[in-house]
Amino acid sequence: MNSHAALTICSINYIGKALVLIDSYMKHHPGHSMYIVLVDRENSEIKIDRPGLTVIWAEHLSIPDFLQHAFSYDVIEFNTNVKPTALKFLLQTHEFAVYLDPDIKVYAPLDTVFDALQDGASLVVTPHSNTPILDGCKPDDLELLKFGAFNLGFIGVSRCEEGLAFLDWWSERCLGYGFYEPQLGLGVDQKWVGLAPCYFPHMQILHDVGLNVAFWNLHERQLSIRDGVWLVNGMTPLRFIHYSSFSEREPDAVAQKQTRFGVGSRPDFTVLAEAYAADLRANASAKFSSYRYSFDYFEDNSYITPALRRFYASLKSSAFQAEQNPFRVDGPVMQFGKAHRLVGARNATFRRNIFRDIESYRLQIKIINKILRLALFVLGPDRYFNLMRYLAHISSLRNQGDIFGKF
């Protein structure tokens, strides 16, 4: 068995993107073993024909209480929270393992990554950026305080005592508290690793600007080509671009979750982004993206609303402690959801909002602001201040379980 392995994780709708990653990684690492973990209910219709690729369905990773976790977390949360377990699985048979998000394309060998692991690093990560920025655009240093210093769309781990201990520590926290709730300091799998340098002294931070190029660090990285080789800042090989928040319909927009670069303002990035968009189309990205995330539905295809997920997470160790399969149609979770109007229509879908969507709620925001101003007038400044602190606490629905009383 090869000592080097690479892993990506996605749901069925992201397979098209994952295939671009897989092909580009194997092109530059032909002797490595490649794995994909699919976070969805196992589907016999899904076939991925890539030589040397091992496909694993998440339910076969031997995660305790798998269905409870699948119900507690949404698609993004659960995809990230199985990451440590999947890496532990690879390290049973490989000496070094790297994880790469499915929306990444590799342009050169990851030599600096494997060199660091072979030289004694227990794990390697990359910071979101190597230079500070606070320019009023998103994302900047203020945003990184919410989302984490390191981008966990990439990580490398070594099969050593400290590397395995790190994965155990990380897995426990991800499966127990891997929620996306930045207002409470939680950021799925990512924020936890900000603590890792304190506990795992052989962790290494890689400052190679050719790694993890993305919208959050383009302010410090210029792309160019020389003799057919793509470079960052004119001298460092471009190793991989993380096309996070990328739209193949608008490749010159850089990313949807940023405000620093206008459409067409980074022609150096656009050249590569247009080729990446073509890669996605060639790999039938649109076909796979039509699949719905199966863990968004009860067994009768009734939609599990985000609110129901959070209330379930709050109550699963008490009211639902005995429930092994919360997706059951005749189970207590479905009964609770229907009783409190938390179950959606059959085959319904939900769109996750991003910060730009706030603009579409101007009227509602005006009304809320008027209500808040009235509350300030009635309560006075001190009680109003305390009210806001309490509202910050219960902004997570997991902290609202008491509203249902005892049942």
# chains A, B, ... in the order shown; residues from 1 in each chain; ligands from 1
call {"tool": "closest_atom_pairs", "arguments": {"of": "range 138-214 of chain A", "to": "range 235-244 of chain A", "cutoff": "9 Å", "atoms": "only C-alpha atoms", "output": "tab-separated table"}}
result
residue	atom	partner	partner_atom	distance
A:Gly153	CA	A:His242	CA	7.8
A:Asp208	CA	A:Thr236	CA	7.8
A:Val209	CA	A:Thr236	CA	6.9
A:Gly210	CA	A:Leu238	CA	4.3
A:Leu211	CA	A:Arg239	CA	5.4
A:Asn212	CA	A:Ile241	CA	5.4
A:Val213	CA	A:Ile241	CA	4.6
A:Ala214	CA	A:His242	CA	5.1
call {"tool": "select_by_dssp", "arguments": {"residues": "range 18-141 of chain A", "states": "strand (DSSP E)", "output": "NGL selection string"}}
result
:A and (33-38 or 53-57 or 96-100 or 104-106 or 123-125)
call {"tool": "closest_residue", "arguments": {"among": "A:Phe78, A:Phe311, A:Tyr35, A:Phe147", "to": "His128 in chain A", "atoms": "only C-alpha atoms"}}
result
A:Phe147
call {"tool": "select_by_dssp", "arguments": {"residues": "range 38-263 of chain A", "states": "helix (DSSP H, G or I)", "output": "CSV table (one decimal) with N, CA and C atoms, in the first residue's frame"}}
result
chain,number,residue,atom,x,y,z
A,58,ALA,N,-20.2,7.5,3.8
A,58,ALA,CA,-19.9,8.0,5.2
A,58,ALA,C,-20.5,7.0,6.2
A,59,GLU,N,-21.6,6.4,5.9
A,59,GLU,CA,-22.2,5.5,6.9
A,59,GLU,C,-21.3,4.2,7.2
A,60,HIS,N,-20.3,4.0,6.3
A,60,HIS,CA,-19.4,2.9,6.5
A,60,HIS,C,-18.1,3.3,7.2
A,66,PHE,N,-24.4,7.4,14.1
A,66,PHE,CA,-24.3,8.0,12.8
A,66,PHE,C,-25.5,8.8,12.5
A,67,LEU,N,-26.7,8.2,12.6
A,67,LEU,CA,-27.9,8.8,12.2
A,67,LEU,C,-28.3,10.0,13.0
A,68,GLN,N,-28.0,10.0,14.3
A,68,GLN,CA,-28.2,11.1,15.2
A,68,GLN,C,-27.3,12.3,14.7
A,69,HIS,N,-26.1,12.0,14.4
A,69,HIS,CA,-25.2,13.1,13.9
A,69,HIS,C,-25.8,13.6,12.5
A,70,ALA,N,-26.2,12.7,11.7
A,70,ALA,CA,-26.7,13.1,10.4
A,70,ALA,C,-27.9,14.0,10.5
A,71,PHE,N,-28.7,13.8,11.5
A,71,PHE,CA,-29.9,14.6,11.7
A,71,PHE,C,-29.5,16.0,12.4
A,72,SER,N,-28.5,15.9,13.3
A,72,SER,CA,-28.2,17.1,14.1
A,72,SER,C,-27.6,18.2,13.2
A,75,VAL,N,-26.0,19.9,5.8
A,75,VAL,CA,-25.1,19.3,4.8
A,75,VAL,C,-23.6,19.8,4.9
A,76,ILE,N,-23.4,21.1,5.1
A,76,ILE,CA,-22.1,21.6,5.2
A,76,ILE,C,-21.4,21.2,6.5
A,77,GLU,N,-22.2,21.2,7.6
A,77,GLU,CA,-21.7,20.8,8.9
A,77,GLU,C,-21.3,19.4,8.9
A,78,PHE,N,-22.1,18.5,8.4
A,78,PHE,CA,-21.8,17.1,8.5
A,78,PHE,C,-20.7,16.7,7.6
A,79,ASN,N,-20.6,17.3,6.4
A,79,ASN,CA,-19.5,17.0,5.5
A,79,ASN,C,-18.2,17.4,6.2
A,80,THR,N,-18.1,18.4,6.9
A,80,THR,CA,-16.9,18.8,7.6
A,80,THR,C,-16.6,18.0,8.9
A,81,ASN,N,-17.7,17.6,9.5
A,81,ASN,CA,-17.5,17.0,10.8
A,81,ASN,C,-17.1,15.5,10.7
A,83,LYS,N,-14.7,14.7,8.7
A,83,LYS,CA,-13.3,14.8,8.2
A,83,LYS,C,-12.3,14.1,9.1
A,84,PRO,N,-12.3,14.4,10.4
A,84,PRO,CA,-11.2,13.7,11.2
A,84,PRO,C,-11.4,12.2,11.2
A,85,THR,N,-12.6,11.7,11.2
A,85,THR,CA,-12.8,10.2,11.2
A,85,THR,C,-12.3,9.6,9.9
A,86,ALA,N,-12.6,10.3,8.8
A,86,ALA,CA,-12.1,9.8,7.5
A,86,ALA,C,-10.6,9.8,7.4
A,87,LEU,N,-10.0,10.8,8.0
A,87,LEU,CA,-8.5,10.9,8.0
A,87,LEU,C,-7.9,9.7,8.8
A,88,LYS,N,-8.6,9.5,10.0
A,88,LYS,CA,-8.1,8.3,10.8
A,88,LYS,C,-8.2,7.0,10.0
A,89,PHE,N,-9.3,6.9,9.2
A,89,PHE,CA,-9.5,5.7,8.4
A,89,PHE,C,-8.3,5.5,7.4
A,90,LEU,N,-7.9,6.6,6.8
A,90,LEU,CA,-6.8,6.5,5.8
A,90,LEU,C,-5.5,6.2,6.5
A,111,ASP,N,4.7,19.3,-2.8
A,111,ASP,CA,6.0,18.9,-2.2
A,111,ASP,C,6.2,19.5,-0.8
A,112,THR,N,5.9,20.8,-0.6
A,112,THR,CA,6.2,21.4,0.7
A,112,THR,C,5.3,20.7,1.8
A,113,VAL,N,4.1,20.2,1.4
A,113,VAL,CA,3.3,19.6,2.4
A,113,VAL,C,3.9,18.3,2.8
A,114,PHE,N,4.2,17.4,1.9
A,114,PHE,CA,4.8,16.1,2.3
A,114,PHE,C,6.2,16.2,2.8
A,115,ASP,N,6.9,17.2,2.4
A,115,ASP,CA,8.3,17.4,3.0
A,115,ASP,C,8.1,17.7,4.5
A,116,ALA,N,7.2,18.5,4.8
A,116,ALA,CA,7.0,18.9,6.2
A,116,ALA,C,6.6,17.7,7.1
A,117,LEU,N,5.6,16.9,6.5
A,117,LEU,CA,5.2,15.7,7.2
A,117,LEU,C,6.3,14.7,7.4
A,118,GLN,N,7.1,14.5,6.3
A,118,GLN,CA,8.2,13.5,6.4
A,118,GLN,C,9.3,14.0,7.3
A,141,ASP,N,-9.6,40.8,8.6
A,141,ASP,CA,-9.2,40.3,9.9
A,141,ASP,C,-10.4,40.1,10.9
A,142,LEU,N,-11.3,41.0,10.8
A,142,LEU,CA,-12.5,40.9,11.7
A,142,LEU,C,-13.3,39.6,11.3
A,143,GLU,N,-13.4,39.3,10.0
A,143,GLU,CA,-14.1,38.1,9.6
A,143,GLU,C,-13.4,36.9,10.1
A,144,LEU,N,-12.0,36.9,10.0
A,144,LEU,CA,-11.3,35.7,10.4
A,144,LEU,C,-11.4,35.4,11.9
A,145,LEU,N,-11.7,36.4,12.7
A,145,LEU,CA,-11.9,36.2,14.1
A,145,LEU,C,-13.2,35.3,14.3
A,146,LYS,N,-14.1,35.4,13.3
A,146,LYS,CA,-15.3,34.6,13.4
A,146,LYS,C,-15.1,33.2,12.8
A,147,PHE,N,-14.3,33.1,11.7
A,147,PHE,CA,-14.3,31.9,10.9
A,147,PHE,C,-13.0,31.1,11.2
A,161,GLU,N,2.1,9.3,16.9
A,161,GLU,CA,1.3,9.4,18.1
A,161,GLU,C,0.6,10.7,18.2
A,162,GLU,N,1.3,11.8,17.9
A,162,GLU,CA,0.6,13.1,18.1
A,162,GLU,C,-0.4,13.4,17.0
A,163,GLY,N,-0.1,12.9,15.8
A,163,GLY,CA,-1.1,13.1,14.7
A,163,GLY,C,-2.4,12.4,15.0
A,164,LEU,N,-2.3,11.1,15.5
A,164,LEU,CA,-3.5,10.3,15.8
A,164,LEU,C,-4.2,10.9,17.0
A,165,ALA,N,-3.5,11.4,18.0
A,165,ALA,CA,-4.1,12.1,19.1
A,165,ALA,C,-4.9,13.3,18.7
A,166,PHE,N,-4.3,14.1,17.8
A,166,PHE,CA,-5.0,15.3,17.2
A,166,PHE,C,-6.3,14.9,16.6
A,167,LEU,N,-6.3,13.8,15.8
A,167,LEU,CA,-7.5,13.4,15.1
A,167,LEU,C,-8.6,13.0,16.1
A,168,ASP,N,-8.2,12.3,17.1
A,168,ASP,CA,-9.1,11.9,18.2
A,168,ASP,C,-9.8,13.1,18.8
A,169,TRP,N,-8.9,14.0,19.2
A,169,TRP,CA,-9.4,15.3,19.8
A,169,TRP,C,-10.3,16.1,18.9
A,170,TRP,N,-9.9,16.2,17.7
A,170,TRP,CA,-10.6,17.0,16.7
A,170,TRP,C,-12.0,16.3,16.4
A,171,SER,N,-12.0,15.0,16.2
A,171,SER,CA,-13.2,14.3,15.9
A,171,SER,C,-14.2,14.4,17.0
A,172,GLU,N,-13.8,14.3,18.2
A,172,GLU,CA,-14.7,14.4,19.4
A,172,GLU,C,-15.4,15.8,19.4
A,173,ARG,N,-14.7,16.8,19.1
A,173,ARG,CA,-15.2,18.2,19.1
A,173,ARG,C,-16.1,18.4,17.9
A,174,CYS,N,-15.7,17.9,16.7
A,174,CYS,CA,-16.5,18.1,15.5
A,174,CYS,C,-17.9,17.4,15.6
A,175,LEU,N,-17.8,16.1,16.1
A,175,LEU,CA,-19.1,15.4,16.1
A,175,LEU,C,-20.0,15.8,17.3
A,176,GLY,N,-19.3,16.4,18.3
A,176,GLY,CA,-20.1,16.9,19.5
A,176,GLY,C,-20.6,18.4,19.3
A,177,TYR,N,-19.8,19.2,18.7
A,177,TYR,CA,-20.1,20.6,18.7
A,177,TYR,C,-19.8,21.3,17.3
A,182,PRO,N,-21.1,31.1,14.2
A,182,PRO,CA,-20.0,32.1,14.5
A,182,PRO,C,-20.3,33.0,15.6
A,183,GLN,N,-21.6,33.3,15.8
A,183,GLN,CA,-22.0,34.3,16.9
A,183,GLN,C,-21.7,33.7,18.2
A,184,LEU,N,-21.6,32.4,18.3
A,184,LEU,CA,-21.2,31.7,19.6
A,184,LEU,C,-19.8,31.2,19.6
A,191,LYS,N,-12.8,26.2,13.4
A,191,LYS,CA,-12.4,27.0,14.6
A,191,LYS,C,-11.7,26.2,15.6
A,192,TRP,N,-12.0,24.9,15.8
A,192,TRP,CA,-11.3,24.1,16.8
A,192,TRP,C,-9.8,24.1,16.5
A,193,VAL,N,-9.4,24.1,15.3
A,193,VAL,CA,-8.0,23.9,15.0
A,193,VAL,C,-7.2,25.2,15.3
A,194,GLY,N,-7.8,26.3,15.6
A,194,GLY,CA,-7.2,27.4,16.2
A,194,GLY,C,-6.6,27.2,17.5
A,196,ALA,N,-5.4,24.1,18.3
A,196,ALA,CA,-4.5,23.0,18.1
A,196,ALA,C,-3.0,23.3,18.4
A,197,PRO,N,-2.4,24.5,18.0
A,197,PRO,CA,-1.0,24.7,18.3
A,197,PRO,C,-0.7,24.7,19.8
A,198,CYS,N,-1.7,25.0,20.6
A,198,CYS,CA,-1.5,24.9,22.1
A,198,CYS,C,-1.4,23.5,22.6
A,199,TYR,N,-2.0,22.6,21.9
A,199,TYR,CA,-2.0,21.2,22.5
A,199,TYR,C,-1.1,20.2,21.7
A,218,LEU,N,-6.3,36.7,-2.0
A,218,LEU,CA,-5.9,37.2,-3.2
A,218,LEU,C,-5.3,38.6,-3.1
A,219,HIS,N,-5.6,39.3,-2.0
A,219,HIS,CA,-5.0,40.6,-1.8
A,219,HIS,C,-3.5,40.6,-1.7
A,220,GLU,N,-2.9,39.4,-1.4
A,220,GLU,CA,-1.5,39.3,-1.2
A,220,GLU,C,-0.8,38.4,-2.3
A,251,PRO,N,-17.3,33.1,-13.9
A,251,PRO,CA,-16.0,32.9,-13.4
A,251,PRO,C,-15.1,34.1,-13.1
A,252,ASP,N,-15.5,35.2,-13.7
A,252,ASP,CA,-14.7,36.5,-13.5
A,252,ASP,C,-15.1,37.2,-12.2
A,253,ALA,N,-16.0,36.6,-11.5
A,253,ALA,CA,-16.5,37.3,-10.2
A,253,ALA,C,-15.7,36.9,-9.0
call {"tool": "residues_around", "arguments": {"residues": "range 292-309 of chain A", "least_positions_apart": "4", "cutoff": "7 Å", "atoms": "only C-alpha atoms", "output": "VMD selection string"}}
result
chain A and resid 11 13 40 to 41 70 to 73 313 327 to 329 337 342 to 348 397
call {"tool": "atom_distance", "arguments": {"atom1": "CA of Val82 in chain A", "atom2": "CA of Pro64 in chain A"}}
result
11.3 Å
call {"tool": "closest_residue", "arguments": {"among": "A:Asn283, A:Ser129, A:Asn151, A:Ser317", "to": "Leu100 in chain A", "atoms": "only C-alpha atoms"}}
result
A:Asn151
call {"tool": "closest_residue", "arguments": {"among": "A:Phe246, A:Phe150, A:Phe336, A:Phe261", "to": "Ile205 in chain A", "atoms": "only C-alpha atoms"}}
result
A:Phe150
call {"tool": "closest_residue", "arguments": {"among": "A:Met26, A:Ala286, A:Val55, A:Ala149", "to": "Cys10 in chain A", "atoms": "only C-alpha atoms"}}
result
A:Val55
call {"tool": "closest_residue", "arguments": {"among": "A:Pro381, A:Gly16, A:Gly31, A:Gly187", "to": "Lys47 in chain A", "atoms": "only C-alpha atoms"}}
result
A:Gly16
